[in-house]
Structure formats: structure tokens, C-alpha cells
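The structure file start-v9.csv is reproduced below (CSV, C-alpha atoms).
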chain,number,residue,atom,x,y,z
A,833,MET,CA,-12.8,-5.6,78.4
A,834,ASP,CA,-12.7,-8.7,80.6
A,835,ASP,CA,-12.9,-6.5,83.7
A,836,ALA,CA,-15.9,-4.6,82.4
A,837,ALA,CA,-17.6,-7.8,81.4
A,838,ARG,CA,-17.1,-9.3,84.9
A,839,LYS,CA,-18.5,-6.2,86.6
A,840,LEU,CA,-21.6,-6.4,84.4
A,841,ASN,CA,-22.0,-10.2,84.6
A,842,LEU,CA,-21.5,-10.4,80.8
A,843,THR,CA,-18.6,-12.9,80.7
A,844,ALA,CA,-20.8,-15.8,79.7
A,845,LEU,CA,-22.3,-13.8,76.9
A,846,LEU,CA,-19.2,-12.5,75.1
A,847,ASP,CA,-19.6,-15.0,72.2
A,848,ARG,CA,-23.2,-14.0,71.5
A,849,TYR,CA,-24.5,-11.8,68.7
A,850,PRO,CA,-26.5,-8.7,69.6
A,851,LYS,CA,-29.7,-10.3,68.3
A,852,GLN,CA,-29.2,-13.1,70.8
A,853,LEU,CA,-29.2,-10.7,73.8
A,854,SER,CA,-32.2,-9.6,75.8
A,855,GLY,CA,-33.1,-6.0,76.3
A,856,GLY,CA,-31.5,-5.9,79.8
A,857,GLN,CA,-28.3,-7.6,78.5
A,858,ARG,CA,-28.1,-5.1,75.6
A,859,GLN,CA,-28.3,-2.3,78.2
A,860,ARG,CA,-25.4,-3.8,80.2
A,861,VAL,CA,-23.4,-4.1,77.0
A,862,ALA,CA,-23.9,-0.4,76.3
A,863,MET,CA,-22.6,0.4,79.8
A,864,GLY,CA,-19.7,-1.9,79.2
A,865,ARG,CA,-18.7,0.0,76.1
A,866,ALA,CA,-18.6,3.1,78.2
A,867,ILE,CA,-16.6,1.6,81.0
A,868,VAL,CA,-13.8,0.4,78.9
A,869,ARG,CA,-13.1,4.0,77.9
A,870,ASN,CA,-12.5,4.8,81.5
A,871,PRO,CA,-14.5,8.1,81.4
A,872,GLN,CA,-14.4,10.7,84.1
A,873,VAL,CA,-18.2,11.1,83.9
A,874,PHE,CA,-21.0,8.8,82.8
A,875,LEU,CA,-24.0,10.2,81.1
A,876,PHE,CA,-27.1,8.1,81.2
A,877,ASP,CA,-29.9,9.5,79.0
A,878,GLU,CA,-33.1,7.6,80.1
A,879,PRO,CA,-31.4,4.2,79.8
A,880,LEU,CA,-34.4,2.2,81.1
A,881,SER,CA,-37.2,3.8,79.1
A,882,ASN,CA,-37.5,0.9,76.6
A,883,LEU,CA,-37.5,-1.9,79.2
A,884,ASP,CA,-40.4,-3.6,80.8
A,885,ALA,CA,-41.1,-3.1,84.6
A,886,ALA,CA,-39.3,-6.1,85.8
A,887,LEU,CA,-36.2,-5.4,83.7
A,888,ARG,CA,-36.2,-1.7,84.8
A,889,THR,CA,-36.0,-2.8,88.4
A,890,GLN,CA,-33.2,-5.2,87.7
A,891,VAL,CA,-31.1,-2.9,85.6
A,892,ARG,CA,-31.7,0.0,88.0
A,893,ALA,CA,-30.1,-2.1,90.7
A,894,GLU,CA,-27.2,-3.0,88.4
A,895,ILE,CA,-26.6,0.7,87.6
A,896,ARG,CA,-26.6,1.6,91.3
A,897,GLU,CA,-24.1,-1.2,92.1
A,898,LEU,CA,-21.9,-0.2,89.1
A,899,HIS,CA,-21.8,3.4,90.3
A,900,ARG,CA,-20.9,2.2,93.8
A,901,SER,CA,-18.1,0.0,92.6
A,902,LEU,CA,-16.6,2.4,90.1
A,903,GLY,CA,-17.0,5.6,92.1
A,904,THR,CA,-17.3,7.6,88.9
A,905,THR,CA,-19.6,10.7,88.7
A,906,SER,CA,-22.7,9.9,86.9
A,907,VAL,CA,-25.3,12.2,85.4
A,908,TYR,CA,-28.6,10.4,85.0
A,909,VAL,CA,-31.4,12.0,82.9
A,910,THR,CA,-34.9,10.6,83.6
A,911,HIS,CA,-38.6,11.4,83.6
A,912,ASP,CA,-39.2,8.6,86.1
A,913,GLN,CA,-39.2,9.9,89.7
A,914,ILE,CA,-38.7,6.4,91.1
A,915,GLU,CA,-35.4,6.2,89.2
A,916,ALA,CA,-34.5,9.7,90.4
A,917,MET,CA,-35.3,8.9,94.0
A,918,THR,CA,-33.5,5.6,94.2
A,919,LEU,CA,-30.4,6.4,92.1
A,920,GLY,CA,-29.7,10.0,92.8
A,921,ASP,CA,-27.5,11.5,95.5
A,922,ARG,CA,-28.6,14.9,94.4
A,923,ILE,CA,-31.5,15.6,92.1
A,924,VAL,CA,-31.8,18.6,89.8
A,925,VAL,CA,-35.5,19.1,88.8
A,926,LEU,CA,-35.8,20.9,85.5
A,927,ARG,CA,-38.9,22.4,83.8
A,928,GLU,CA,-38.6,23.9,80.3
A,929,GLY,CA,-34.9,24.2,80.7
A,930,MET,CA,-35.1,26.0,84.1
A,931,VAL,CA,-33.9,24.6,87.4
A,932,GLU,CA,-36.8,24.4,89.9
A,933,GLN,CA,-34.9,22.8,92.8
A,934,VAL,CA,-31.7,21.0,93.7
A,935,GLY,CA,-31.3,18.7,96.7
A,936,SER,CA,-31.1,15.2,98.0
A,937,PRO,CA,-34.1,12.9,97.2
A,938,LEU,CA,-35.5,13.3,100.7
A,939,GLU,CA,-35.0,17.0,100.8
A,940,LEU,CA,-37.2,17.3,97.6
A,941,TYR,CA,-39.7,14.9,99.1
A,942,ASP,CA,-40.0,16.6,102.5
A,943,ALA,CA,-39.7,20.2,101.4
A,944,PRO,CA,-40.5,20.7,97.7
A,945,ALA,CA,-39.9,24.3,96.6
A,946,ASN,CA,-43.1,24.5,94.6
A,947,THR,CA,-46.1,22.5,93.4
A,948,PHE,CA,-44.3,21.3,90.3
A,949,VAL,CA,-41.5,19.7,92.4
A,950,ALA,CA,-44.1,18.4,94.8
A,951,SER,CA,-46.0,16.7,92.0
A,952,PHE,CA,-42.9,15.2,90.4
A,953,ILE,CA,-41.5,13.6,93.6
A,954,GLY,CA,-43.7,10.9,95.1
A,955,SER,CA,-45.9,8.2,93.7
A,956,PRO,CA,-48.9,8.4,93.6
A,957,SER,CA,-48.6,12.1,93.1
A,958,ILE,CA,-49.3,14.6,95.9
A,959,ASN,CA,-52.9,15.8,96.4
A,960,LEU,CA,-53.1,19.6,95.8
A,961,PHE,CA,-56.1,21.7,96.8
A,962,SER,CA,-56.8,25.4,96.4
A,963,ALA,CA,-58.0,26.9,99.7
A,964,GLN,CA,-58.7,30.2,101.5
A,965,VAL,CA,-57.3,31.1,104.9
A,966,VAL,CA,-60.2,31.7,107.3
A,967,GLU,CA,-60.4,32.2,111.1
A,968,SER,CA,-62.7,30.4,113.6
A,969,GLY,CA,-62.3,30.9,117.3
A,970,GLY,CA,-58.9,32.5,116.9
A,971,VAL,CA,-57.6,29.5,114.9
A,972,LEU,CA,-56.5,29.7,111.3
A,973,LEU,CA,-58.2,27.2,109.0
A,974,ALA,CA,-57.9,26.3,105.3
A,975,GLN,CA,-61.3,26.4,103.7
A,976,LEU,CA,-61.5,24.2,100.6
A,977,ALA,CA,-63.6,24.9,97.5
A,978,ASP,CA,-66.3,22.5,98.9
A,979,GLN,CA,-66.4,24.6,102.2
A,980,GLN,CA,-64.7,21.9,104.3
A,981,CYS,CA,-62.2,23.4,106.7
A,982,ILE,CA,-59.0,21.8,108.0
A,983,ALA,CA,-56.7,23.1,110.6
A,984,LEU,CA,-53.5,24.8,109.7
A,985,PRO,CA,-50.2,24.6,111.6
A,986,ALA,CA,-49.1,27.7,113.5
A,987,GLN,CA,-47.3,29.5,110.7
A,988,ALA,CA,-46.0,33.1,110.5
A,989,GLY,CA,-47.1,35.0,107.4
A,990,LEU,CA,-50.6,33.4,107.0
A,991,GLN,CA,-53.4,35.9,107.1
A,992,VAL,CA,-57.1,35.6,106.8
A,993,GLY,CA,-58.2,35.9,103.2
A,994,LEU,CA,-55.0,34.6,101.8
A,995,SER,CA,-55.3,32.2,98.8
A,996,ILE,CA,-53.1,29.2,99.3
A,997,VAL,CA,-52.6,25.7,97.9
A,998,ILE,CA,-52.3,22.8,100.4
A,999,GLY,CA,-50.5,19.6,99.6
A,1000,LEU,CA,-51.1,16.2,101.1
A,1001,ARG,CA,-49.2,13.1,100.1
A,1002,PRO,CA,-51.4,10.0,99.6
A,1003,GLU,CA,-49.3,8.0,102.0
A,1004,HIS,CA,-49.7,10.5,104.8
A,1005,LEU,CA,-53.5,10.0,104.9
A,1006,ARG,CA,-55.1,7.5,107.2
A,1007,LEU,CA,-58.5,6.4,108.4
A,1008,ALA,CA,-59.9,8.8,111.0
A,1009,SER,CA,-60.4,6.8,114.2
A,1010,ASP,CA,-62.7,9.6,115.5
A,1011,PRO,CA,-63.9,11.9,112.7
A,1012,THR,CA,-65.6,14.2,115.3
A,1013,ARG,CA,-62.2,15.2,116.8
A,1014,GLY,CA,-60.1,17.9,115.3
A,1015,GLN,CA,-60.5,19.8,112.1
A,1016,GLN,CA,-57.8,18.1,110.0
A,1017,VAL,CA,-60.3,15.5,108.8
A,1018,ILE,CA,-61.3,15.3,105.2
A,1019,ARG,CA,-64.6,13.6,104.4
A,1020,SER,CA,-64.8,12.0,101.0
A,1021,THR,CA,-66.6,9.4,98.9
A,1022,ILE,CA,-64.8,6.4,97.5
A,1023,THR,CA,-64.8,6.2,93.7
A,1024,SER,CA,-62.2,3.5,93.1
A,1025,ILE,CA,-60.3,1.0,95.2
A,1026,GLU,CA,-57.1,-0.8,94.4
A,1027,GLN,CA,-55.9,-3.6,96.6
A,1028,THR,CA,-52.2,-4.2,96.1
A,1029,GLY,CA,-51.8,-6.7,98.9
A,1030,ALA,CA,-49.4,-4.5,100.9
A,1031,ASP,CA,-51.7,-1.5,101.0
A,1032,THR,CA,-55.0,-0.1,99.8
A,1033,ARG,CA,-55.2,2.7,97.3
A,1034,LEU,CA,-58.3,4.8,97.3
A,1035,MET,CA,-59.5,7.3,94.7
A,1036,CYS,CA,-62.1,9.6,96.3
A,1037,GLU,CA,-64.1,12.7,95.6
A,1038,HIS,CA,-65.5,15.2,98.0
A,1039,GLY,CA,-67.7,18.2,97.7
A,1040,SER,CA,-70.7,19.0,95.5
A,1041,HIS,CA,-70.9,18.0,91.9
A,1042,ALA,CA,-70.1,21.6,90.8
A,1043,GLN,CA,-67.1,21.8,93.2
A,1044,SER,CA,-66.0,18.2,93.4
A,1045,LEU,CA,-62.4,17.6,94.5
A,1046,SER,CA,-60.4,14.5,93.8
A,1047,LEU,CA,-58.3,12.8,96.4
A,1048,THR,CA,-55.9,9.8,96.4
A,1049,ALA,CA,-55.0,8.0,99.6
A,1050,VAL,CA,-52.6,5.1,100.2
A,1051,LEU,CA,-53.5,3.2,103.4
A,1052,GLY,CA,-51.0,0.8,104.9
A,1053,GLU,CA,-53.7,-1.7,105.6
A,1054,ARG,CA,-56.3,-3.8,103.8
A,1055,LEU,CA,-59.6,-2.0,103.7
A,1056,LEU,CA,-62.9,-3.7,103.0
A,1057,ALA,CA,-64.9,-0.9,101.4
A,1058,GLU,CA,-67.1,-0.3,98.3
A,1059,ASN,CA,-67.4,2.4,95.7
A,1060,GLY,CA,-69.8,5.1,96.9
A,1061,GLN,CA,-68.9,4.6,100.5
A,1062,GLU,CA,-68.3,7.7,102.6
A,1063,ILE,CA,-64.9,7.8,104.4
A,1064,ALA,CA,-63.2,10.1,106.8
A,1065,LEU,CA,-59.4,10.6,106.5
A,1066,ASN,CA,-57.0,12.6,108.6
A,1067,PHE,CA,-53.3,13.4,108.8
A,1068,ASP,CA,-50.7,14.9,111.0
A,1069,LEU,CA,-50.4,18.7,110.6
A,1070,ASP,CA,-46.6,18.4,110.2
A,1071,LYS,CA,-47.2,16.5,107.0
A,1072,LEU,CA,-49.2,19.4,105.5
A,1073,HIS,CA,-47.4,21.3,102.7
A,1074,LEU,CA,-48.4,24.9,102.1
A,1075,PHE,CA,-47.9,26.9,98.9
A,1076,ASP,CA,-49.0,30.4,97.8
A,1077,SER,CA,-51.4,30.9,94.9
A,1078,SER,CA,-48.5,31.0,92.4
A,1079,GLY,CA,-47.3,27.6,93.6
A,1080,LEU,CA,-44.3,28.6,95.7
A,1081,ARG,CA,-43.7,27.0,99.1
A,1082,ILE,CA,-44.6,29.1,102.1
A,1083,SER,CA,-44.1,26.7,104.9
A,1084,SER,CA,-41.8,23.9,106.0
A,1085,PRO,CA,-43.4,21.1,107.9

As C-alpha cells, the full file:
Amino acid sequence: MDDAARKLNLTALLDRYPKQLSGGQRQRVAMGRAIVRNPQVFLFDEPLSNLDAALRTQVRAEIRELHRSLGTTSVYVTHDQIEAMTLGDRIVVLREGMVEQVGSPLELYDAPANTFVASFIGSPSINLFSAQVVESGGVLLAQLADQQCIALPAQAGLQVGLSIVIGLRPEHLRLASDPTRGQQVIRSTITSIEQTGADTRLMCEHGSHAQSLSLTAVLGERLLAENGQEIALNFDLDKLHLFDSSGLRISSP
């Protein structure tokens, strides 16, 4: 018991009653009760769900350090993709009891098997747009519902007329230095701005009212802008994710 208390920084709290412990301390006590049994596998079932944001960050770090020091296999169940990305060596993404994809956190982030996995991994969530493959001057383009066209990477299997879903992560968008160059530019209107200090988060819409599309962008800079302002965003083609109309991945950036 003393060894478990030391690992979890609980030695000074051993004489306290449960009602005298904070939420984070109670979580560490629960982990200590499991450690003293010397299990072959730890099962964590959403252990941080009842903690506030600051405590979740603290206890998450403690769980990660505990796993490193004990070297015991841990199965961690969570709906929080930040917990999954920061704690997992391998992630199993489940939907309605079925396995959607298994891989390392970065494998799931860089090459999601379908739109469900793409939406689960990453915060803010990935932008997904329905599009039609068209051709102009011998180049394949993705035509969005609002008739904007963006370039597509050279990709075998794409044919004119094919219905696809394109995915763009908010953090991969940036201000277009020259909106007239290239066709991977998306023109939008700002509807909301969030300044976090480290970055600027934009919620935008583009297209007509009947075919309006929402877009989220995270810019690694401070942007002085206003709601209603038009903005041009672009991205590198190797950051574009392509899925078929059923949501299955059809390209690997």
C-alpha cells in the first residue's frame, strides 16, 4: 500500500476520510486500490469524465506517468479524443460495437479510414464537404455544392462525375497570400471569431443561402477581422483527405 501511495503522491493523505479528498485525489485513490492488487491489465472506464478541465489535464498526466512506471497493459475507454490521442499507444475506434479502425494516434489522424474516424480524431473536428469530380483543362477538380472548385491531387481512381467527400482539418487551413493563384483556395465569409491568444479560430460560411457550407479554420496567428468579412483560405494538397460517397477513404495524402 505504501508503494502505491508513493507512486500516486497520496502518502500525505492516508489519514484523511474520503469526504476530505478532492475529485482528483479520489481518482488517484481508486487507481491505488487497483495497483495494490498487482493486476495484469488495468481497465479505465472514462475515469476523467466527472472532473473539471484543469483536473482532467492533471490526472491525465498522472495516468500517463503511472502507466510508464508500472509498464502494465492498460485498456482505456473514453469518448474524449484528446485523452485517446495523448494516452494511447494504439487506438481502437468503435461505432455501435463495430471496429472502425485500429492504429496509432497519428495513423488515425493522418489517414482516417472513413469520415467517422476523421471526425472523431482532431479538435476542432475536420471540415467535410460533399463534392463532384469535374475536369477543366485536363485537370481534375472537386466542385463543391456552392460551385466553388478546388484542385485535387493526382490520384488514380478518380473519374469525372464521381461523387466524393473532401476533408480538411481546420489547422491545415491558412490565409491565402495570393487568392488569385491556384484553385485550392476556398472563399468564405466570417461568422464568428475566437481569439485564444495562441491562435485564431474562425467559423465561416461560403456559398449562397440555399447552399451555404460551414467551415472552421484554426490559424496559427492573431487575425484582426470582423464578422461578415470575406476571407480567402488555402491549403497544401497533401493535406486533403478524400472519401467516397459512402464515407470510406479513397486516398492517402

Could you give me, as a list in words, the residues within 7 Å of A:Phe1067, counting only C-alpha atoms and dropping anything in the same chain fewer than 5 positions from it?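 The contact residues come out as His1004, Leu1005, Arg1006 and Gln1016 of chain A.
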
Using atom CA of A:Pro944 and atom CA of A:Leu919 as the two end points, give the distance in Å to one decimal. 18.4 Å

Which of these residues is nearest to A:Leu1080, using only C-alpha atoms: A:Ser995, A:Asn870, A:Ser854, A:Asn959?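 Ranking A:Ser995, A:Asn870, A:Ser854, A:Asn959 by distance to A:Leu1080, first place goes to A:Ser995.
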
Please list as number ranges by chain every residue within 9 Å of A:Leu1055, counting all atoms listed in the file and excluding residues in the same chain fewer than 3 positions away. A: 1027, 1031-1032, 1051

When distances are computed from all atoms listed in the file, which of A:Thr918, A:Thr1028, A:Thr1048, A:Gln991 shows the smallest separation from A:Thr889?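 Answer, going by the shortest atom-to-atom distance: A:Thr918.
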
Need a file for stretch 971-1017 of chain A from that block: N, CA and C atoms, written as a short mmCIF file (atom, residue, chain, number, x, y, z; two decimals), in the first residue's frame.
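So part-v9.cif came out as:
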data_model
loop_
_atom_site.label_atom_id
_atom_site.label_comp_id
_atom_site.auth_asym_id
_atom_site.auth_seq_id
_atom_site.Cartn_x
_atom_site.Cartn_y
_atom_site.Cartn_z
N VAL A 971 -7.36 18.98 -65.98
CA VAL A 971 -7.08 18.86 -64.54
C VAL A 971 -8.37 18.49 -63.82
N LEU A 972 -8.28 17.51 -62.91
CA LEU A 972 -9.44 17.13 -62.12
C LEU A 972 -9.61 18.09 -60.96
N LEU A 973 -10.87 18.51 -60.75
CA LEU A 973 -11.20 19.43 -59.68
C LEU A 973 -12.36 18.87 -58.87
N ALA A 974 -12.46 19.32 -57.64
CA ALA A 974 -13.62 19.00 -56.80
C ALA A 974 -14.54 20.20 -56.80
N GLN A 975 -15.75 20.02 -57.29
CA GLN A 975 -16.73 21.11 -57.33
C GLN A 975 -17.65 20.97 -56.13
N LEU A 976 -17.63 21.99 -55.26
CA LEU A 976 -18.46 21.97 -54.07
C LEU A 976 -19.89 22.34 -54.40
N ALA A 977 -20.77 22.20 -53.41
CA ALA A 977 -22.19 22.46 -53.63
C ALA A 977 -22.44 23.91 -54.03
N ASP A 978 -21.54 24.83 -53.59
CA ASP A 978 -21.73 26.23 -53.95
C ASP A 978 -21.03 26.60 -55.26
N GLN A 979 -20.58 25.58 -56.00
CA GLN A 979 -19.95 25.72 -57.31
C GLN A 979 -18.49 26.14 -57.24
N GLN A 980 -17.94 26.40 -56.06
CA GLN A 980 -16.50 26.62 -55.96
C GLN A 980 -15.78 25.35 -56.36
N CYS A 981 -14.64 25.51 -57.02
CA CYS A 981 -13.83 24.36 -57.42
C CYS A 981 -12.45 24.46 -56.76
N ILE A 982 -11.96 23.33 -56.29
CA ILE A 982 -10.61 23.29 -55.73
C ILE A 982 -9.86 22.15 -56.41
N ALA A 983 -8.57 22.33 -56.50
CA ALA A 983 -7.74 21.33 -57.17
C ALA A 983 -7.71 20.03 -56.37
N LEU A 984 -7.54 18.93 -57.10
CA LEU A 984 -7.38 17.62 -56.48
C LEU A 984 -5.97 17.10 -56.73
N PRO A 985 -5.41 16.36 -55.78
CA PRO A 985 -4.10 15.76 -56.04
C PRO A 985 -4.22 14.69 -57.11
N ALA A 986 -3.13 14.45 -57.83
CA ALA A 986 -3.13 13.36 -58.82
C ALA A 986 -3.43 12.07 -58.10
N GLN A 987 -4.52 11.44 -58.41
CA GLN A 987 -4.98 10.28 -57.66
C GLN A 987 -5.65 9.29 -58.60
N ALA A 988 -5.11 8.08 -58.69
CA ALA A 988 -5.71 7.03 -59.51
C ALA A 988 -7.09 6.68 -58.97
N GLY A 989 -8.01 6.44 -59.89
CA GLY A 989 -9.34 6.00 -59.49
C GLY A 989 -10.38 7.10 -59.47
N LEU A 990 -9.95 8.36 -59.51
CA LEU A 990 -10.92 9.45 -59.56
C LEU A 990 -11.35 9.67 -61.00
N GLN A 991 -12.63 9.75 -61.20
CA GLN A 991 -13.18 9.93 -62.54
C GLN A 991 -14.17 11.08 -62.53
N VAL A 992 -14.28 11.74 -63.67
CA VAL A 992 -15.23 12.83 -63.81
C VAL A 992 -16.64 12.32 -63.50
N GLY A 993 -17.37 13.08 -62.73
CA GLY A 993 -18.73 12.71 -62.36
C GLY A 993 -18.84 11.95 -61.05
N LEU A 994 -17.71 11.55 -60.48
CA LEU A 994 -17.72 10.78 -59.23
C LEU A 994 -18.11 11.68 -58.07
N SER A 995 -19.02 11.20 -57.23
CA SER A 995 -19.39 11.92 -56.02
C SER A 995 -18.41 11.55 -54.91
N ILE A 996 -17.85 12.55 -54.27
CA ILE A 996 -16.85 12.32 -53.23
C ILE A 996 -17.14 13.21 -52.03
N VAL A 997 -16.42 12.96 -50.94
CA VAL A 997 -16.43 13.83 -49.77
C VAL A 997 -14.98 14.25 -49.53
N ILE A 998 -14.75 15.54 -49.44
CA ILE A 998 -13.39 16.00 -49.16
C ILE A 998 -13.31 16.46 -47.70
N GLY A 999 -12.15 16.21 -47.10
CA GLY A 999 -11.93 16.57 -45.71
C GLY A 999 -10.74 17.50 -45.56
N LEU A 1000 -10.92 18.54 -44.77
CA LEU A 1000 -9.85 19.49 -44.49
C LEU A 1000 -9.84 19.78 -42.99
N ARG A 1001 -8.72 19.52 -42.37
CA ARG A 1001 -8.62 19.80 -40.94
C ARG A 1001 -8.47 21.32 -40.73
N PRO A 1002 -9.15 21.88 -39.73
CA PRO A 1002 -9.10 23.33 -39.50
C PRO A 1002 -7.69 23.87 -39.37
N GLU A 1003 -6.79 23.09 -38.75
CA GLU A 1003 -5.42 23.56 -38.53
C GLU A 1003 -4.57 23.54 -39.79
N HIS A 1004 -5.07 22.94 -40.87
CA HIS A 1004 -4.32 22.89 -42.12
C HIS A 1004 -4.72 24.01 -43.07
N LEU A 1005 -5.66 24.84 -42.67
CA LEU A 1005 -6.05 25.99 -43.47
C LEU A 1005 -5.23 27.20 -43.06
N ARG A 1006 -4.99 28.09 -43.99
CA ARG A 1006 -4.23 29.31 -43.71
C ARG A 1006 -4.73 30.42 -44.63
N LEU A 1007 -4.39 31.65 -44.27
CA LEU A 1007 -4.76 32.78 -45.10
C LEU A 1007 -4.07 32.67 -46.45
N ALA A 1008 -4.81 32.89 -47.52
CA ALA A 1008 -4.24 32.83 -48.86
C ALA A 1008 -3.47 34.11 -49.14
N SER A 1009 -2.16 34.00 -49.34
CA SER A 1009 -1.36 35.19 -49.59
C SER A 1009 -1.68 35.79 -50.96
N ASP A 1010 -2.05 34.93 -51.90
CA ASP A 1010 -2.44 35.41 -53.23
C ASP A 1010 -3.64 34.60 -53.69
N PRO A 1011 -4.85 35.05 -53.39
CA PRO A 1011 -6.06 34.28 -53.71
C PRO A 1011 -6.27 34.04 -55.19
N THR A 1012 -5.55 34.74 -56.05
CA THR A 1012 -5.75 34.56 -57.49
C THR A 1012 -4.94 33.38 -58.04
N ARG A 1013 -3.99 32.87 -57.23
CA ARG A 1013 -3.15 31.77 -57.72
C ARG A 1013 -3.70 30.43 -57.23
N GLY A 1014 -3.70 29.46 -58.16
CA GLY A 1014 -4.11 28.11 -57.78
C GLY A 1014 -5.62 28.01 -57.60
N GLN A 1015 -6.08 26.78 -57.51
CA GLN A 1015 -7.51 26.54 -57.35
C GLN A 1015 -7.82 25.80 -56.06
N GLN A 1016 -6.84 25.77 -55.12
CA GLN A 1016 -7.11 25.17 -53.83
C GLN A 1016 -7.49 26.22 -52.81
N VAL A 1017 -8.04 27.35 -53.30
CA VAL A 1017 -8.48 28.44 -52.44
C VAL A 1017 -9.97 28.29 -52.17
#
